[in-house]
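Enquirer: Here you go, final-v2.cif (mmCIF, C-alpha atoms):
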```cif
data_run
loop_
_atom_site.label_atom_id
_atom_site.label_comp_id
_atom_site.auth_asym_id
_atom_site.auth_seq_id
_atom_site.Cartn_x
_atom_site.Cartn_y
_atom_site.Cartn_z
CA GLN A 138 -81.87 103.59 -1.94
CA VAL A 139 -78.20 103.84 -2.87
CA LYS A 140 -76.81 100.65 -4.35
CA LEU A 141 -73.39 99.83 -5.74
CA LEU A 142 -73.36 96.63 -7.78
CA GLN A 143 -69.93 95.21 -8.57
CA SER A 144 -68.84 92.76 -11.23
CA GLY A 145 -68.24 89.11 -10.48
CA ALA A 146 -65.17 87.25 -9.29
CA ALA A 147 -62.14 87.00 -11.55
CA LEU A 148 -59.36 84.42 -11.85
CA VAL A 149 -56.36 85.91 -13.61
CA LYS A 150 -52.79 84.89 -14.37
CA PRO A 151 -49.72 86.63 -12.97
CA GLY A 152 -48.71 89.55 -15.18
CA ASP A 153 -52.21 89.99 -16.59
CA SER A 154 -54.62 92.89 -15.96
CA VAL A 155 -58.15 92.85 -14.62
CA LYS A 156 -60.92 95.42 -15.04
CA MET A 157 -63.81 95.47 -12.61
CA SER A 158 -66.96 97.56 -12.53
CA CYS A 159 -69.20 99.27 -9.99
CA LYS A 160 -72.68 100.28 -11.16
CA ALA A 161 -74.39 102.92 -9.04
CA SER A 162 -78.13 103.41 -8.61
CA GLY A 163 -80.52 105.20 -6.29
CA TYR A 164 -78.82 108.58 -6.48
CA THR A 165 -77.40 111.06 -8.96
CA PHE A 166 -74.13 109.44 -10.05
CA THR A 167 -72.21 112.69 -10.21
CA ASP A 168 -73.11 113.67 -6.62
CA TYR A 169 -70.65 111.34 -4.87
CA ILE A 170 -67.02 110.47 -5.32
CA ILE A 171 -66.38 106.75 -5.91
CA HIS A 172 -63.59 105.21 -3.85
CA TRP A 173 -61.91 101.85 -4.26
CA VAL A 174 -60.69 99.82 -1.29
CA LYS A 175 -58.64 96.60 -1.13
CA GLN A 176 -59.21 93.96 1.53
CA SER A 177 -56.48 91.34 1.81
CA HIS A 178 -56.42 88.18 3.89
CA GLY A 179 -59.96 88.75 5.08
CA LYS A 180 -58.99 91.59 7.35
CA SER A 181 -56.95 94.70 6.57
CA LEU A 182 -58.39 97.50 4.40
CA GLU A 183 -56.37 99.78 2.11
CA TRP A 184 -57.62 102.80 0.19
CA ILE A 185 -56.61 102.63 -3.46
CA GLY A 186 -57.96 105.93 -4.73
CA TYR A 187 -61.03 107.80 -5.85
CA ILE A 188 -62.60 109.24 -8.95
CA ASN A 189 -64.97 112.18 -9.15
CA PRO A 190 -67.69 111.13 -11.61
CA TYR A 191 -68.60 114.76 -12.30
CA SER A 192 -65.14 115.95 -13.38
CA GLY A 193 -63.33 112.67 -14.01
CA GLY A 194 -60.62 113.86 -11.63
CA THR A 195 -58.73 111.17 -9.74
CA ASN A 196 -56.59 110.85 -6.61
CA TYR A 197 -54.50 107.75 -5.98
CA ASN A 198 -52.77 106.28 -2.98
CA GLU A 199 -49.05 106.48 -3.88
CA LYS A 200 -48.81 102.74 -3.23
CA PHE A 201 -51.24 101.98 -6.07
CA LYS A 202 -50.42 104.78 -8.51
CA SER A 203 -48.65 102.54 -11.01
CA LYS A 204 -51.07 99.67 -10.45
CA ALA A 205 -54.61 101.07 -10.64
CA THR A 206 -56.46 103.13 -13.24
CA LEU A 207 -59.88 104.57 -12.37
CA THR A 208 -62.45 105.61 -14.96
CA VAL A 209 -66.19 106.27 -15.16
CA ASP A 210 -68.92 106.05 -17.76
CA LYS A 211 -71.50 108.67 -16.81
CA SER A 212 -73.98 107.39 -19.36
CA SER A 213 -74.31 104.09 -17.48
CA SER A 214 -73.51 105.38 -13.95
CA THR A 215 -70.65 102.92 -13.78
CA ALA A 216 -67.17 103.26 -12.34
CA TYR A 217 -64.29 101.04 -13.38
CA MET A 218 -60.96 100.06 -11.90
CA GLU A 219 -58.25 98.39 -13.94
CA PHE A 220 -55.46 96.68 -12.02
CA SER A 221 -52.36 95.85 -14.02
CA ARG A 222 -49.26 93.60 -13.83
CA LEU A 223 -50.96 91.39 -11.28
CA THR A 224 -49.03 89.33 -8.74
CA SER A 225 -50.13 87.02 -5.95
CA GLU A 226 -50.08 90.04 -3.62
CA ASP A 227 -53.00 91.47 -5.61
CA SER A 228 -55.27 88.54 -4.70
CA ALA A 229 -57.93 90.24 -2.57
CA ILE A 230 -61.48 91.50 -2.43
CA TYR A 231 -61.89 94.92 -4.04
CA TYR A 232 -64.72 97.18 -2.95
CA CYS A 233 -66.13 100.36 -4.42
CA ALA A 234 -67.56 102.78 -1.88
CA SER A 235 -69.15 106.21 -1.94
CA GLY A 236 -70.73 108.83 0.28
CA ALA A 237 -70.62 112.53 1.09
CA ASN A 238 -67.57 112.52 3.37
CA TRP A 239 -67.27 108.93 4.54
CA PHE A 240 -67.55 105.46 3.02
CA ALA A 241 -71.29 105.39 3.67
CA TYR A 242 -72.21 103.02 0.84
CA TRP A 243 -70.30 99.92 -0.25
CA GLY A 244 -70.54 97.50 -3.11
CA GLN A 245 -70.62 93.77 -2.41
CA GLY A 246 -66.98 93.37 -3.45
CA THR A 247 -65.16 91.67 -6.33
CA LEU A 248 -62.88 88.76 -5.46
CA VAL A 249 -59.74 88.70 -7.57
CA THR A 250 -57.56 85.59 -7.47
CA VAL A 251 -54.16 85.69 -9.15
CA SER A 252 -52.91 82.23 -9.98
CA SER A 253 -51.18 80.45 -12.82
CA ASP B 115 -49.37 108.31 6.07
CA ILE B 116 -51.27 108.41 9.38
CA GLN B 117 -51.06 105.04 11.13
CA MET B 118 -54.15 103.74 12.92
CA THR B 119 -53.56 101.17 15.64
CA GLN B 120 -56.53 99.24 16.98
CA SER B 121 -56.72 97.21 20.16
CA PRO B 122 -57.41 94.53 20.97
CA ALA B 123 -56.97 92.54 17.74
CA SER B 124 -59.59 90.09 18.96
CA LEU B 125 -62.12 90.08 21.73
CA SER B 126 -64.45 87.50 23.22
CA ALA B 127 -67.47 88.66 25.22
CA SER B 128 -70.80 87.34 26.54
CA LEU B 129 -74.28 88.39 25.51
CA GLY B 130 -75.37 91.49 27.40
CA GLU B 131 -71.82 92.58 28.17
CA THR B 132 -70.36 96.00 27.38
CA VAL B 133 -67.29 96.00 25.15
CA THR B 134 -64.88 98.76 24.19
CA ILE B 135 -62.53 98.88 21.21
CA GLU B 136 -59.71 101.41 21.06
CA CYS B 137 -58.10 103.19 18.12
CA LEU B 138 -54.90 105.21 18.33
CA ALA B 139 -53.82 107.57 15.55
CA SER B 140 -50.15 108.37 14.93
CA GLU B 141 -51.01 112.08 14.98
CA ASP B 142 -53.92 114.35 15.86
CA ILE B 143 -56.83 113.66 13.49
CA TYR B 144 -59.22 116.23 15.02
CA SER B 145 -62.14 113.78 15.37
CA ASN B 146 -62.09 112.89 11.66
CA LEU B 147 -62.67 109.28 12.56
CA ALA B 148 -65.20 106.65 11.53
CA TRP B 149 -66.04 103.16 12.75
CA TYR B 150 -67.18 100.38 10.43
CA GLN B 151 -68.73 96.99 11.15
CA GLN B 152 -68.06 94.07 8.84
CA LYS B 153 -70.17 90.97 9.37
CA PRO B 154 -68.83 87.63 8.08
CA GLY B 155 -68.94 87.48 4.29
CA LYS B 156 -70.33 91.03 3.95
CA SER B 157 -69.09 94.50 3.06
CA PRO B 158 -68.13 96.97 5.80
CA GLN B 159 -70.95 99.22 7.00
CA LEU B 160 -70.55 102.71 8.44
CA LEU B 161 -71.51 102.85 12.13
CA ILE B 162 -70.13 106.14 13.43
CA TYR B 163 -68.54 109.19 11.83
CA TYR B 164 -66.82 112.31 13.17
CA ALA B 165 -65.90 110.16 16.18
CA ASN B 166 -69.32 110.22 17.86
CA SER B 167 -72.13 110.68 15.29
CA LEU B 168 -74.30 107.61 14.84
CA ASN B 169 -75.11 106.72 11.22
CA ASP B 170 -78.78 106.34 10.28
CA GLY B 171 -80.28 103.04 11.35
CA VAL B 172 -77.45 102.08 13.71
CA PRO B 173 -78.71 100.86 17.11
CA SER B 174 -78.19 103.24 20.01
CA ARG B 175 -76.18 100.61 21.92
CA PHE B 176 -73.25 101.70 19.71
CA SER B 177 -71.41 104.86 20.69
CA GLY B 178 -68.14 106.54 19.84
CA SER B 179 -65.94 108.93 21.74
CA GLY B 180 -62.49 110.41 21.78
CA SER B 181 -60.39 113.28 20.51
CA GLY B 182 -56.87 114.06 19.39
CA THR B 183 -55.16 110.74 18.80
CA GLN B 184 -57.29 108.44 20.98
CA TYR B 185 -60.73 107.12 20.10
CA SER B 186 -63.02 104.34 21.23
CA LEU B 187 -66.09 102.43 20.14
CA LYS B 188 -68.39 101.15 22.87
CA ILE B 189 -71.08 98.50 22.44
CA ASN B 190 -73.56 98.25 25.28
CA SER B 191 -75.57 95.12 25.96
CA LEU B 192 -73.85 92.92 23.35
CA GLN B 193 -76.18 91.10 20.96
CA SER B 194 -75.46 88.01 18.85
CA GLU B 195 -75.75 90.08 15.66
CA ASP B 196 -72.81 92.23 16.81
CA VAL B 197 -70.34 89.42 16.02
CA SER B 198 -68.21 91.16 13.40
CA ILE B 199 -64.88 92.73 12.63
CA TYR B 200 -64.74 96.42 13.55
CA PHE B 201 -62.45 98.93 11.82
CA CYS B 202 -61.58 102.52 12.59
CA GLN B 203 -60.66 104.89 9.75
CA GLN B 204 -59.22 108.40 9.67
CA ASN B 205 -60.36 110.92 7.11
CA TYR B 206 -58.22 113.85 8.26
CA ASP B 207 -55.38 113.42 5.80
CA SER B 208 -54.89 111.67 2.49
CA PRO B 209 -54.60 108.78 2.08
CA PRO B 210 -57.47 107.71 4.31
CA THR B 211 -56.17 104.86 6.47
CA PHE B 212 -57.78 102.06 8.45
CA GLY B 213 -56.95 100.30 11.65
CA GLY B 214 -56.05 96.62 11.47
CA GLY B 215 -59.46 95.54 12.75
CA THR B 216 -60.87 93.99 15.92
CA LYS B 217 -62.58 90.64 15.65
CA LEU B 218 -65.45 90.39 18.13
CA GLU B 219 -66.72 86.92 19.03
CA LEU B 220 -69.20 85.57 21.52
CA LYS B 221 -67.91 83.75 24.57
#
```
Would you mind giving the structure from this file in structure tokens?

Expert:
Amino acid sequence: QVKLLQSGAALVKPGDSVKMSCKASGYTFTDYIIHWVKQSHGKSLEWIGYINPYSGGTNYNEKFKSKATLTVDKSSSTAYMEFSRLTSEDSAIYYCASGANWFAYWGQGTLVTVSS
Amino acid sequence: DIQMTQSPASLSASLGETVTIECLASEDIYSNLAWYQQKPGKSPQLLIYYANSLNDGVPSRFSGSGSGTQYSLKINSLQSEDVSIYFCQQNYDSPPTFGGGTKLELK
């Protein structure tokens, strides 16, 4: 079955960057786009962007264009998101998600805490 | 961006009751709407897509309806395992956007 396994929680300082991973299994990695979603304050969800593992093409939410960088490593079926110049507003759970047209499959989430 | 407004923000209901959650889009999204369930401490899970199609494995007590800008999620015969936050999401235009969520609790 499809599984998305994300990297563990991170505690980072303001101004630093963080890179998190999402390892896919149970399907052909290049078949589905990988999306990234931010969940703040335990409730609201925001779409950050997606990467097409087949072509490497990306599409970002304008709000996160200067903040997030999405990459993939096809050899290990892993997607990555790097978040830069972190502030307290970036403290959140970050999910990877995939599926044919909808967010049908989700990772377990990576908790990022930004604190000095 | 298309704004998705959910109501109510929170809801308390008894076991066996029928509950309805509403989602209003800021423009016509032509049924490109999904509902997700997020249980405490877990990732969201897809319940319904294209407004009324039930995802595999989702109990038939869940149903979706609507068109244009107005959509709803109905849960018949509420069970204890339905305690969750429910989100709507539009996929008609980029960026995909989510409603603010409805927290469903047991009375």

Enquirer: Determine, counting all atoms listed in the file, which protein, DNA and RNA residues have an atom within 7 Å of an atom of Gly246 in chain A; residues of the same chain fewer than 5 positions away are not included. Present the result as a short mmCIF file (atom, residue, chain, number, x, y, z; two decimals) with C-alpha atoms, in the frame of the given file.

Expert:
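Ended up saving to part22.cif:
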```cif
data_model
loop_
_atom_site.label_atom_id
_atom_site.label_comp_id
_atom_site.auth_asym_id
_atom_site.auth_seq_id
_atom_site.Cartn_x
_atom_site.Cartn_y
_atom_site.Cartn_z
CA GLN A 143 -69.93 95.21 -8.57
CA ILE A 230 -61.48 91.50 -2.43
CA TYR A 231 -61.89 94.92 -4.04
CA TYR A 232 -64.72 97.18 -2.95
CA SER B 157 -69.09 94.50 3.06
#
```

Enquirer: I need the residue set behind the PyMOL selection byres ((chain B) within 10 of (chain A)) for this file; please write it as a ChimeraX atom specification.

Expert: /B:115,146-148,150,152,154-164,169,199-201,203-205,208-217

Enquirer: Go through the shown structure with the PyMOL selection byres ((chain B and resi 187) around 8) and write out the matching residues as a list in words.

Expert: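 Going through the file, the PyMOL selection byres ((chain B and resi 187) around 8) ends up selecting Thr134, Ile135, Glu136, Trp149, Phe176, Ser177, Gly178, Ser179, Tyr185, Ser186, Lys188 and Ile189 of chain B.
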
Enquirer: Take the residues from that selection and write them out as a compact mmCIF listing (two decimals), keeping the file's coordinate frame, keeping C-alpha atoms.

Expert:
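To be explicit, this is the file written out as result_39.txt:
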```
# COMPACT_ATOMS: atom_id res chain seq x y z
CA THR B 134 -64.88 98.76 24.19
CA ILE B 135 -62.53 98.88 21.21
CA GLU B 136 -59.71 101.41 21.06
CA TRP B 149 -66.04 103.16 12.75
CA PHE B 176 -73.25 101.70 19.71
CA SER B 177 -71.41 104.86 20.69
CA GLY B 178 -68.14 106.54 19.84
CA SER B 179 -65.94 108.93 21.74
CA TYR B 185 -60.73 107.12 20.10
CA SER B 186 -63.02 104.34 21.23
CA LYS B 188 -68.39 101.15 22.87
CA ILE B 189 -71.08 98.50 22.44
```

Enquirer: I need the residue set behind the PyMOL selection byres ((chain A and resi 216) around 6) for this file; please write it as a list in words.

Expert: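 For this structure, the PyMOL selection byres ((chain A and resi 216) around 6) captures Ser158, Cys159, Thr208, Val209, Thr215 and Tyr217 of chain A.
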